[in-house]
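Novice: Sharing upload-v6.cif (mmCIF, C-alpha atoms (C1' of nucleotides)) below.
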```
data_input
loop_
_atom_site.label_atom_id
_atom_site.label_comp_id
_atom_site.auth_asym_id
_atom_site.auth_seq_id
_atom_site.Cartn_x
_atom_site.Cartn_y
_atom_site.Cartn_z
CA MET N 28 114.97 79.05 93.11
CA SER N 29 112.72 76.46 94.72
CA TYR N 30 108.96 76.41 94.70
CA ALA N 31 106.82 75.46 97.66
CA THR N 32 104.50 72.71 96.52
CA ARG N 33 101.67 70.77 98.02
CA GLN N 34 103.56 67.51 97.64
CA ARG N 35 106.57 68.70 99.60
CA GLU N 36 104.41 69.95 102.41
CA VAL N 37 102.64 66.63 102.57
CA ILE N 38 105.91 64.71 102.62
CA LEU N 39 107.47 66.81 105.34
CA GLY N 40 104.26 66.66 107.32
CA ILE N 41 104.19 62.89 107.15
CA LEU N 42 107.76 62.66 108.40
CA ARG N 43 107.05 65.03 111.25
CA GLN N 44 103.92 63.27 112.37
CA ALA N 45 105.47 59.81 112.17
CA SER N 46 106.74 58.36 115.42
CA GLN N 47 109.34 56.30 113.55
CA PRO N 48 111.68 56.84 110.64
CA LEU N 49 110.01 56.03 107.34
CA THR N 50 111.23 54.64 104.04
CA ALA N 51 110.56 56.40 100.76
CA GLN N 52 107.96 53.76 99.97
CA GLU N 53 106.23 54.19 103.31
CA ILE N 54 106.10 57.93 102.79
CA ARG N 55 104.52 57.46 99.40
CA GLU N 56 101.98 55.00 100.75
CA ARG N 57 100.97 57.32 103.55
CA ALA N 58 100.74 60.24 101.18
CA ASN N 59 98.46 58.27 98.90
CA GLN N 60 96.19 57.03 101.67
CA ASN N 61 94.59 60.41 101.91
CA ARG N 62 94.95 62.43 98.77
CA THR N 63 95.78 61.69 95.21
CA GLY N 64 98.89 60.10 93.88
CA ILE N 65 102.32 61.30 94.80
CA GLY N 66 104.97 59.70 92.67
CA LEU N 67 107.93 57.92 94.14
CA ALA N 68 110.24 60.15 92.13
CA THR N 69 108.67 63.15 93.82
CA VAL N 70 109.27 61.62 97.23
CA TYR N 71 112.92 61.10 96.44
CA ARG N 72 113.27 64.60 95.04
CA ALA N 73 111.73 66.07 98.16
CA LEU N 74 113.85 63.94 100.45
CA LYS N 75 116.99 65.08 98.69
CA ILE N 76 116.00 68.72 99.07
CA PHE N 77 115.05 68.38 102.74
CA MET N 78 118.29 66.59 103.48
CA ALA N 79 120.26 69.33 101.78
CA GLN N 80 118.42 71.82 103.95
CA GLY N 81 119.14 69.81 107.05
CA GLU N 82 115.44 69.33 107.75
CA ILE N 83 115.61 65.56 107.72
CA ALA N 84 118.28 62.90 108.00
CA GLN N 85 118.70 59.48 106.53
CA VAL N 86 118.76 56.52 108.88
CA GLU N 87 120.44 53.49 107.45
CA ILE N 88 119.49 50.23 109.07
CA PRO N 89 121.16 47.05 107.86
CA GLY N 90 118.64 44.77 106.26
CA THR N 91 116.10 47.52 105.75
CA ALA N 92 115.63 50.16 103.13
CA PRO N 93 116.98 53.57 104.13
CA CYS N 94 114.61 55.52 106.37
CA TYR N 95 114.20 59.24 106.90
CA GLU N 96 113.32 61.28 109.96
CA PRO N 97 113.29 64.94 111.03
CA THR N 98 116.53 66.23 112.47
CA ASP N 99 114.90 68.03 115.37
CA ARG N 100 114.59 64.94 117.52
CA GLY N 101 117.95 65.24 119.18
CA HIS N 102 120.51 62.53 119.71
CA HIS N 103 118.89 59.13 119.81
CA HIS N 104 119.26 55.63 118.44
CA HIS N 105 117.10 52.92 116.96
CA PHE N 106 115.45 49.65 117.80
CA ILE N 107 114.52 47.19 115.08
CA CYS N 108 111.86 44.62 115.79
CA GLN N 109 113.01 41.28 114.48
CA HIS N 110 109.42 40.27 113.95
CA CYS N 111 107.53 43.19 112.46
CA ARG N 112 110.68 44.84 111.08
CA GLN N 113 109.59 48.26 112.26
CA VAL N 114 112.15 50.84 113.28
CA PHE N 115 111.62 52.61 116.61
CA ASP N 116 113.36 55.60 118.08
CA VAL N 117 115.21 55.00 121.32
CA GLN N 118 116.00 57.94 123.54
CA GLY N 119 119.11 58.14 125.62
CA CYS N 120 122.65 57.06 125.03
CA VAL N 121 125.69 55.67 126.79
CA ARG N 122 128.97 57.34 127.61
CA ASP N 123 132.54 56.38 126.95
CA LEU N 124 131.83 55.01 123.54
CA GLU N 125 134.86 56.81 122.13
CA LYS N 126 137.08 54.82 124.43
CA LEU N 127 136.29 51.66 122.51
CA ALA N 128 138.21 52.80 119.45
CA PRO N 129 141.98 52.36 119.19
CA GLN N 130 143.90 55.31 120.59
CA ASP N 131 144.98 56.78 117.24
CA PHE N 132 141.47 56.75 115.91
CA GLN N 133 139.27 59.80 116.03
CA VAL N 134 135.62 59.11 116.69
CA GLU N 135 133.27 61.63 115.15
CA ARG N 136 129.94 60.02 115.74
CA HIS N 137 128.33 56.69 116.53
CA ASP N 138 125.23 54.65 115.94
CA ILE N 139 123.68 52.16 118.30
CA THR N 140 121.13 49.75 116.96
CA LEU N 141 119.17 47.46 119.22
CA TYR N 142 117.50 44.33 117.86
CA GLY N 143 114.75 42.39 119.53
CA PHE N 144 111.00 42.28 119.86
CA CYS N 145 108.85 45.34 120.25
CA ALA N 146 106.04 45.53 122.79
CA ASN N 147 103.52 44.24 120.28
CA CYS N 148 105.62 41.33 119.10
CA VAL N 149 107.08 40.07 122.38
CA GLU N 150 104.15 37.74 123.03
CA GLY N 151 104.75 34.39 121.46
CA HIS N 152 108.36 35.04 120.56
CA GLU N 153 111.10 34.05 122.95
CA GLN N 154 108.86 34.46 125.98
CA PRO N 155 110.78 36.85 128.26
CA GLU N 156 110.19 35.10 131.54
CA THR N 157 107.74 32.24 131.96
CA LYS N 158 107.09 33.34 135.45
CA MET A 10 127.36 16.47 99.82
CA SER A 11 129.88 19.26 99.55
CA TYR A 12 133.33 19.07 98.00
CA ALA A 13 136.40 20.70 99.43
CA THR A 14 137.84 22.90 96.73
CA ARG A 15 140.90 25.05 96.36
CA GLN A 16 138.73 28.14 95.90
CA ARG A 17 136.85 27.70 99.16
CA GLU A 18 140.05 27.18 101.08
CA VAL A 19 141.46 30.35 99.58
CA ILE A 20 138.34 32.33 100.41
CA LEU A 21 138.15 31.15 103.99
CA GLY A 22 141.88 31.70 104.40
CA ILE A 23 141.59 35.27 103.19
CA LEU A 24 138.79 36.00 105.64
CA ARG A 25 140.74 34.50 108.50
CA GLN A 26 143.92 36.37 107.72
CA ALA A 27 142.17 39.68 107.22
CA SER A 28 142.17 42.04 110.18
CA GLN A 29 138.94 43.60 109.01
CA PRO A 30 135.65 42.37 107.58
CA LEU A 31 135.80 42.14 103.80
CA THR A 32 133.28 42.59 101.02
CA ALA A 33 132.72 39.94 98.38
CA GLN A 34 134.59 42.14 95.92
CA GLU A 35 137.53 42.58 98.25
CA ILE A 36 137.73 38.86 98.77
CA ARG A 37 137.78 38.29 95.04
CA GLU A 38 140.45 40.91 94.52
CA ARG A 39 142.67 39.45 97.20
CA ALA A 40 142.16 35.97 95.83
CA ASN A 41 143.17 37.10 92.38
CA GLN A 42 146.23 39.01 93.53
CA ASN A 43 148.08 35.78 94.01
CA ARG A 44 146.67 32.97 91.92
CA THR A 45 144.41 32.68 88.95
CA GLY A 46 140.89 33.93 88.65
CA ILE A 47 138.25 33.21 91.21
CA GLY A 48 134.85 34.25 89.98
CA LEU A 49 132.61 36.51 91.96
CA ALA A 50 129.87 33.90 91.77
CA THR A 51 132.20 31.44 93.43
CA VAL A 52 132.89 33.90 96.22
CA TYR A 53 129.20 34.33 96.88
CA ARG A 54 128.58 30.60 96.75
CA ALA A 55 131.35 30.00 99.25
CA LEU A 56 130.16 32.78 101.53
CA LYS A 57 126.67 31.33 101.57
CA ILE A 58 128.01 27.91 102.52
CA PHE A 59 130.31 29.25 105.23
CA MET A 60 127.50 31.32 106.69
CA ALA A 61 125.22 28.28 106.76
CA GLN A 62 127.96 26.42 108.59
CA GLY A 63 128.37 29.27 111.02
CA GLU A 64 132.00 29.76 110.02
CA ILE A 65 131.54 33.37 109.04
CA ALA A 66 129.01 36.12 109.61
CA GLN A 67 127.79 39.00 107.56
CA VAL A 68 128.46 42.51 108.80
CA GLU A 69 126.12 45.09 107.40
CA ILE A 70 127.42 48.62 107.50
CA PRO A 71 125.20 51.42 106.27
CA GLY A 72 126.68 53.00 103.19
CA THR A 73 129.00 50.11 102.51
CA ALA A 74 128.57 46.81 100.76
CA PRO A 75 127.99 43.89 103.12
CA CYS A 76 131.19 42.54 104.66
CA TYR A 77 132.04 39.12 105.99
CA GLU A 78 134.22 38.01 108.87
CA PRO A 79 134.95 34.81 110.80
CA THR A 80 132.65 34.14 113.72
CA ASP A 81 135.42 33.17 116.10
CA ARG A 82 136.33 36.73 116.98
CA GLY A 83 133.95 37.10 119.89
CA HIS A 84 131.68 40.01 120.65
CA HIS A 85 132.96 43.18 119.10
CA HIS A 86 131.85 46.16 117.07
CA HIS A 87 133.00 48.20 114.12
CA PHE A 88 134.62 51.47 113.23
CA ILE A 89 134.17 52.96 109.78
CA CYS A 90 136.70 55.46 108.53
CA GLN A 91 134.88 58.34 106.91
CA HIS A 92 137.85 58.95 104.66
CA CYS A 93 139.15 55.60 103.42
CA ARG A 94 135.84 53.83 104.05
CA GLN A 95 137.55 50.83 105.60
CA VAL A 96 135.83 48.82 108.30
CA PHE A 97 137.82 48.07 111.46
CA ASP A 98 137.06 45.74 114.31
CA VAL A 99 136.67 47.36 117.71
CA GLN A 100 137.06 45.23 120.78
CA GLY A 101 135.12 45.81 123.94
CA CYS A 102 131.60 46.91 124.59
CA VAL A 103 129.49 48.94 126.98
CA ARG A 104 126.97 47.79 129.55
CA ASP A 105 123.40 48.75 130.20
CA LEU A 106 122.52 49.03 126.56
CA GLU A 107 119.30 47.11 127.13
CA LYS A 108 118.12 49.83 129.46
CA LEU A 109 117.85 52.23 126.57
CA ALA A 110 114.89 50.41 125.08
CA PRO A 111 111.35 51.01 126.31
CA GLN A 112 110.36 48.73 129.17
CA ASP A 113 108.09 46.45 127.16
CA PHE A 114 110.70 45.85 124.50
CA GLN A 115 112.93 42.81 124.58
CA VAL A 116 116.48 43.43 123.42
CA GLU A 117 118.11 40.39 121.84
CA ARG A 118 121.29 41.89 120.49
CA HIS A 119 122.86 45.18 119.53
CA ASP A 120 125.30 46.75 117.15
CA ILE A 121 127.52 49.70 117.81
CA THR A 122 129.12 51.48 114.89
CA LEU A 123 131.70 54.19 115.37
CA TYR A 124 132.42 56.67 112.60
CA GLY A 125 135.48 58.86 112.31
CA PHE A 126 139.01 58.82 110.99
CA CYS A 127 141.33 55.87 111.30
CA ALA A 128 144.93 56.27 112.36
CA ASN A 129 146.11 56.64 108.78
CA CYS A 130 143.52 59.20 107.79
CA VAL A 131 143.45 61.45 110.87
CA GLU A 132 146.22 63.68 109.53
CA GLY A 133 144.78 66.46 107.46
CA HIS A 134 141.17 65.81 108.38
CA GLU A 135 139.59 67.61 111.29
CA GLN A 136 142.87 67.98 113.08
CA PRO A 137 142.26 66.42 116.51
CA GLU A 138 143.87 69.11 118.62
CA THR A 139 145.87 71.98 117.18
CA LYS A 140 147.96 72.01 120.29
"C1'" DC P 23 141.57 5.26 87.44
"C1'" DC P 24 136.31 6.04 86.33
"C1'" DG P 25 132.31 8.33 86.50
"C1'" DA P 26 128.65 10.53 88.88
"C1'" DA P 27 128.20 14.40 91.78
"C1'" DT P 28 129.57 18.79 92.60
"C1'" DA P 29 131.82 23.13 91.71
"C1'" DC P 30 133.84 26.50 88.61
"C1'" DG P 31 134.02 30.90 85.74
"C1'" DA P 32 132.06 34.17 82.70
"C1'" DT P 33 128.33 36.44 81.78
"C1'" DA P 34 123.45 37.27 81.59
"C1'" DA P 35 119.62 37.96 84.50
"C1'" DT P 36 117.43 39.61 88.52
"C1'" DC P 37 116.44 42.49 92.44
"C1'" DG P 38 115.41 46.62 95.10
"C1'" DA P 39 116.56 51.30 95.48
"C1'" DT P 40 117.11 55.37 93.17
"C1'" DT P 41 117.46 58.50 89.19
"C1'" DC P 42 116.24 60.03 84.63
"C1'" DT P 43 113.02 61.53 80.90
"C1'" DC P 44 109.59 64.35 79.17
"C1'" DA P 45 105.10 66.12 78.38
"C1'" DA P 46 101.73 68.25 81.27
"C1'" DA P 47 100.67 70.84 85.52
"C1'" DT P 48 101.89 74.13 89.06
"C1'" DT P 49 104.13 78.10 91.16
"C1'" DC P 50 104.86 82.81 91.59
"C1'" DA P 51 106.99 87.45 90.29
"C1'" DG P 52 105.52 91.35 87.90
"C1'" DC W 2 96.33 87.28 84.96
"C1'" DT W 3 100.59 85.89 82.12
"C1'" DG W 4 104.43 83.55 81.19
"C1'" DA W 5 108.92 81.80 82.41
"C1'" DA W 6 110.81 78.78 85.77
"C1'" DT W 7 110.04 74.89 88.35
"C1'" DT W 8 107.81 70.63 89.64
"C1'" DT W 9 105.11 66.65 88.88
"C1'" DG W 10 103.87 61.68 87.72
"C1'" DA W 11 104.53 57.49 85.26
"C1'" DG W 12 107.41 54.62 83.57
"C1'" DA W 13 111.89 53.63 81.62
"C1'" DA W 14 116.63 53.51 82.79
"C1'" DT W 15 120.38 52.86 85.87
"C1'" DC W 16 123.05 51.19 89.68
"C1'" DG W 17 125.30 47.93 92.75
"C1'" DA W 18 124.72 43.60 94.86
"C1'" DT W 19 123.50 39.07 94.22
"C1'" DT W 20 121.82 34.94 91.77
"C1'" DA W 21 121.01 31.95 87.75
"C1'" DT W 22 122.67 29.70 83.57
"C1'" DC W 23 125.39 26.46 81.35
"C1'" DG W 24 129.26 24.26 79.33
"C1'" DT W 25 133.61 22.82 81.28
"C1'" DA W 26 136.57 21.35 85.11
"C1'" DT W 27 137.31 19.29 89.60
"C1'" DT W 28 136.44 16.14 93.43
"C1'" DC W 29 136.40 11.78 95.44
"C1'" DG W 30 134.05 7.11 96.53
"C1'" DG W 31 134.57 2.62 94.87
#
```
Write out the structure in this file as C-alpha cells.

Specialist:
Amino acid sequence: MSYATRQREVILGILRQASQPLTAQEIRERANQNRTGIGLATVYRALKIFMAQGEIAQVEIPGTAPCYEPTDRGHHHHFICQHCRQVFDVQGCVRDLEKLAPQDFQVERHDITLYGFCANCVEGHEQPETK
Amino acid sequence: MSYATRQREVILGILRQASQPLTAQEIRERANQNRTGIGLATVYRALKIFMAQGEIAQVEIPGTAPCYEPTDRGHHHHFICQHCRQVFDVQGCVRDLEKLAPQDFQVERHDITLYGFCANCVEGHEQPETK
DNA sequence: CCGAATACGATAATCGATTCTCAAATTCAG
DNA sequence: CTGAATTTGAGAATCGATTATCGTATTCGG
C-alpha cells in the first residue's frame, strides 16, 4: 500500500542525522546538496506519511516555519536563537508545570520555548558579563 | 501625527475587557456585535499602532492565528484548550528555566504553553479520574 | 467652521506554507 | 521481466493571514 522510495529514505535520513528540527525547505535544501532534485511536494508528502506513522513530529515555533524532528528523542524542549533563528533541542524539563493551570483545567502536555542567543551568536549581542 | 478614532478606542477596549488574548478576527467580530462595521484592515492597522506604542503584545500560539493582549498583565503564560481551541492566560511561572539551556547559551526570555482541556471542555474528553 | 491630514471600509493583492495536478518514472508482486 | 499501483517533480492552485489600494469619511488645529 506504500512503496519504499529513495526520496523517503533520504528525507528520513536527513531528519535523523540533523541535530535540530528542520523545516520542509531545509530538508529539501539538504537533500539537494548531495543528489539530484527532490521536489518540495515530495518532502511534504513524506513528512505527512512519517507523521502518520509516528516516526517524526512537527515542532511549531512562533515566528518560524514549522519544523520536523524524529520522535525518538524523548521529552525535550527548544531554544530559538534570536540572532541566527536556528532551533536547538534542549534536554531536561521542570516539574510542577501542571500546577500553573487553573484547578478545573486538565493539562495534557506542555511546551517550553527558550529565546536568547546561542553559543555562536552570544559574542557581540547583549554581552553576558563584561567581566 | 495620529488621530484618536472611535474604531481604535473600540479595539483597545475590547482587548482590555477580554480575559484571553484575541485574534484579529475575533476582535473584528466582537466589534461588530455591537456597533456598525469595523473593517479587518482597520483592526490590523490599530494593532500595529498599539504594538508600536507598547500598549499590546502579540501572542503566537502554534496552530492558532496570532493573538493580541494588553501588555499590562505582567509575566504569564498560556493554556490552549485542545477542544475549543481557546487561549487562556495562566498566571505564575517556574524557576530555573535558564538552567535547561546549554551553558554557553544566553536565555533572554521564555514561553510556556500548556495544552489540555479547559474547565468547560473537560467533561466527555479524557475523563480526568473515573473515580 | 474649514481644510489639510489622517483614517476608514471593502476588496484586491500579496505572502509564505502547503496541496493539487498530471505526465513521466519508479516500485514490486507474480 | 511485466504491468498495475504508486510515487515523483515542476509548477499551478489554494489557503489563511496580512497589507495595499483608493475613494470617501473623520479628526482636529487654527

Novice: Would you give me, as a list in words, the residues of chain A that come within 6 Å of chain N, using only C-alpha atoms?

Specialist: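 Residues passing the distance filter: Glu69, Pro71, Val99, Ala110, Asp113, Phe114, Gln115, Val116, Glu117, Arg118, His119, Asp120, Ile121, Thr122, Leu123, Tyr124, Gly125, Phe126, Cys127 and Ala128 of chain A.
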
Novice: Write the residues of the selection above to a file with C-alpha atoms, as a compact mmCIF listing (two decimals), in the coordinates of the input.

Specialist:
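Saved as part_6.txt:
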```txt
# COMPACT_ATOMS: atom_id res chain seq x y z
CA GLU A 69 126.12 45.09 107.40
CA PRO A 71 125.20 51.42 106.27
CA VAL A 99 136.67 47.36 117.71
CA ALA A 110 114.89 50.41 125.08
CA ASP A 113 108.09 46.45 127.16
CA PHE A 114 110.70 45.85 124.50
CA GLN A 115 112.93 42.81 124.58
CA VAL A 116 116.48 43.43 123.42
CA GLU A 117 118.11 40.39 121.84
CA ARG A 118 121.29 41.89 120.49
CA HIS A 119 122.86 45.18 119.53
CA ASP A 120 125.30 46.75 117.15
CA ILE A 121 127.52 49.70 117.81
CA THR A 122 129.12 51.48 114.89
CA LEU A 123 131.70 54.19 115.37
CA TYR A 124 132.42 56.67 112.60
CA GLY A 125 135.48 58.86 112.31
CA PHE A 126 139.01 58.82 110.99
CA CYS A 127 141.33 55.87 111.30
CA ALA A 128 144.93 56.27 112.36
```

Novice: Show me, as number ranges by chain, every residue of chain P with an atom at most 10 Å from chain A, counting all atoms listed in the file.

Specialist: P: 27-32

Novice: As a check of understanding, name the residues that the PyMOL selection byres ((chain W) within 10 of (chain N)) selects in the supplied structure, as a ChimeraX atom specification.

Specialist: /W:6-11

Novice: Using all C-alpha atoms paired in order, least-squares fit chain A onto chain N and give me the moved copy as a CSV table (one decimal) with C-alpha atoms, keeping the file's coordinate frame.

Specialist:
```
chain,number,residue,atom,x,y,z
A,10,MET,CA,114.8,78.8,93.1
A,11,SER,CA,112.5,76.3,94.7
A,12,TYR,CA,108.7,76.3,94.7
A,13,ALA,CA,106.6,75.4,97.6
A,14,THR,CA,104.3,72.6,96.5
A,15,ARG,CA,101.5,70.7,98.1
A,16,GLN,CA,103.4,67.4,97.7
A,17,ARG,CA,106.5,68.6,99.6
A,18,GLU,CA,104.3,69.9,102.4
A,19,VAL,CA,102.6,66.6,102.6
A,20,ILE,CA,105.9,64.7,102.6
A,21,LEU,CA,107.4,66.8,105.3
A,22,GLY,CA,104.2,66.7,107.4
A,23,ILE,CA,104.2,62.9,107.2
A,24,LEU,CA,107.8,62.7,108.4
A,25,ARG,CA,107.1,65.1,111.3
A,26,GLN,CA,104.0,63.3,112.4
A,27,ALA,CA,105.5,59.9,112.2
A,28,SER,CA,106.9,58.4,115.5
A,29,GLN,CA,109.4,56.4,113.6
A,30,PRO,CA,111.8,56.9,110.7
A,31,LEU,CA,110.1,56.1,107.4
A,32,THR,CA,111.2,54.7,104.1
A,33,ALA,CA,110.5,56.4,100.8
A,34,GLN,CA,107.9,53.7,100.1
A,35,GLU,CA,106.2,54.2,103.4
A,36,ILE,CA,106.1,57.9,102.9
A,37,ARG,CA,104.5,57.4,99.5
A,38,GLU,CA,102.0,54.9,100.9
A,39,ARG,CA,101.0,57.3,103.7
A,40,ALA,CA,100.7,60.2,101.3
A,41,ASN,CA,98.4,58.2,99.0
A,42,GLN,CA,96.2,56.9,101.8
A,43,ASN,CA,94.5,60.3,102.1
A,44,ARG,CA,94.8,62.3,98.9
A,45,THR,CA,95.6,61.5,95.3
A,46,GLY,CA,98.8,60.0,94.0
A,47,ILE,CA,102.2,61.2,94.9
A,48,GLY,CA,104.8,59.6,92.7
A,49,LEU,CA,107.8,57.8,94.2
A,50,ALA,CA,110.1,60.1,92.2
A,51,THR,CA,108.5,63.1,93.8
A,52,VAL,CA,109.2,61.6,97.2
A,53,TYR,CA,112.8,61.1,96.4
A,54,ARG,CA,113.2,64.5,95.0
A,55,ALA,CA,111.6,66.0,98.1
A,56,LEU,CA,113.8,63.9,100.4
A,57,LYS,CA,116.9,65.1,98.6
A,58,ILE,CA,115.9,68.7,99.0
A,59,PHE,CA,115.0,68.4,102.7
A,60,MET,CA,118.3,66.6,103.4
A,61,ALA,CA,120.2,69.4,101.6
A,62,GLN,CA,118.4,71.9,103.8
A,63,GLY,CA,119.1,69.9,106.9
A,64,GLU,CA,115.4,69.4,107.6
A,65,ILE,CA,115.6,65.6,107.6
A,66,ALA,CA,118.3,63.0,107.9
A,67,GLN,CA,118.7,59.5,106.5
A,68,VAL,CA,118.8,56.6,108.8
A,69,GLU,CA,120.5,53.5,107.4
A,70,ILE,CA,119.5,50.3,109.1
A,71,PRO,CA,121.2,47.1,107.9
A,72,GLY,CA,118.7,44.8,106.3
A,73,THR,CA,116.1,47.6,105.8
A,74,ALA,CA,115.6,50.2,103.2
A,75,PRO,CA,117.0,53.6,104.1
A,76,CYS,CA,114.6,55.6,106.4
A,77,TYR,CA,114.2,59.3,106.9
A,78,GLU,CA,113.4,61.3,109.9
A,79,PRO,CA,113.3,65.0,111.0
A,80,THR,CA,116.6,66.3,112.4
A,81,ASP,CA,115.0,68.1,115.3
A,82,ARG,CA,114.7,65.0,117.4
A,83,GLY,CA,118.1,65.3,119.1
A,84,HIS,CA,120.6,62.6,119.7
A,85,HIS,CA,119.0,59.2,119.8
A,86,HIS,CA,119.3,55.7,118.4
A,87,HIS,CA,117.2,53.0,116.9
A,88,PHE,CA,115.5,49.7,117.8
A,89,ILE,CA,114.6,47.3,115.0
A,90,CYS,CA,111.9,44.7,115.7
A,91,GLN,CA,113.0,41.4,114.4
A,92,HIS,CA,109.4,40.4,113.8
A,93,CYS,CA,107.6,43.3,112.3
A,94,ARG,CA,110.7,45.0,111.0
A,95,GLN,CA,109.7,48.4,112.2
A,96,VAL,CA,112.2,51.0,113.2
A,97,PHE,CA,111.7,52.7,116.6
A,98,ASP,CA,113.4,55.7,118.0
A,99,VAL,CA,115.3,55.1,121.3
A,100,GLN,CA,116.1,58.0,123.5
A,101,GLY,CA,119.1,58.2,125.6
A,102,CYS,CA,122.7,57.1,125.1
A,103,VAL,CA,125.7,55.7,126.9
A,104,ARG,CA,129.0,57.3,127.7
A,105,ASP,CA,132.5,56.3,127.1
A,106,LEU,CA,131.9,55.0,123.7
A,107,GLU,CA,134.9,56.7,122.3
A,108,LYS,CA,137.1,54.7,124.6
A,109,LEU,CA,136.3,51.6,122.7
A,110,ALA,CA,138.3,52.6,119.7
A,111,PRO,CA,142.0,52.2,119.5
A,112,GLN,CA,144.0,55.1,120.9
A,113,ASP,CA,145.1,56.5,117.6
A,114,PHE,CA,141.6,56.5,116.2
A,115,GLN,CA,139.5,59.6,116.3
A,116,VAL,CA,135.8,59.0,116.9
A,117,GLU,CA,133.5,61.5,115.3
A,118,ARG,CA,130.1,60.0,115.9
A,119,HIS,CA,128.5,56.7,116.6
A,120,ASP,CA,125.3,54.7,116.0
A,121,ILE,CA,123.7,52.2,118.3
A,122,THR,CA,121.2,49.8,117.0
A,123,LEU,CA,119.2,47.5,119.2
A,124,TYR,CA,117.5,44.4,117.8
A,125,GLY,CA,114.7,42.5,119.5
A,126,PHE,CA,111.0,42.4,119.7
A,127,CYS,CA,108.8,45.5,120.1
A,128,ALA,CA,106.0,45.7,122.6
A,129,ASN,CA,103.5,44.4,120.1
A,130,CYS,CA,105.6,41.5,118.9
A,131,VAL,CA,107.0,40.2,122.2
A,132,GLU,CA,104.0,37.9,122.8
A,133,GLY,CA,104.6,34.5,121.3
A,134,HIS,CA,108.3,35.1,120.4
A,135,GLU,CA,111.0,34.1,122.8
A,136,GLN,CA,108.8,34.5,125.8
A,137,PRO,CA,110.7,37.0,128.1
A,138,GLU,CA,110.2,35.1,131.3
A,139,THR,CA,107.9,32.1,131.7
A,140,LYS,CA,107.3,33.1,135.3
```

Novice: What is the C1' of DA18 (chain W) to CA of Ala74 (chain A) distance in Å?

Specialist: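 It comes out at 7.7 Å.
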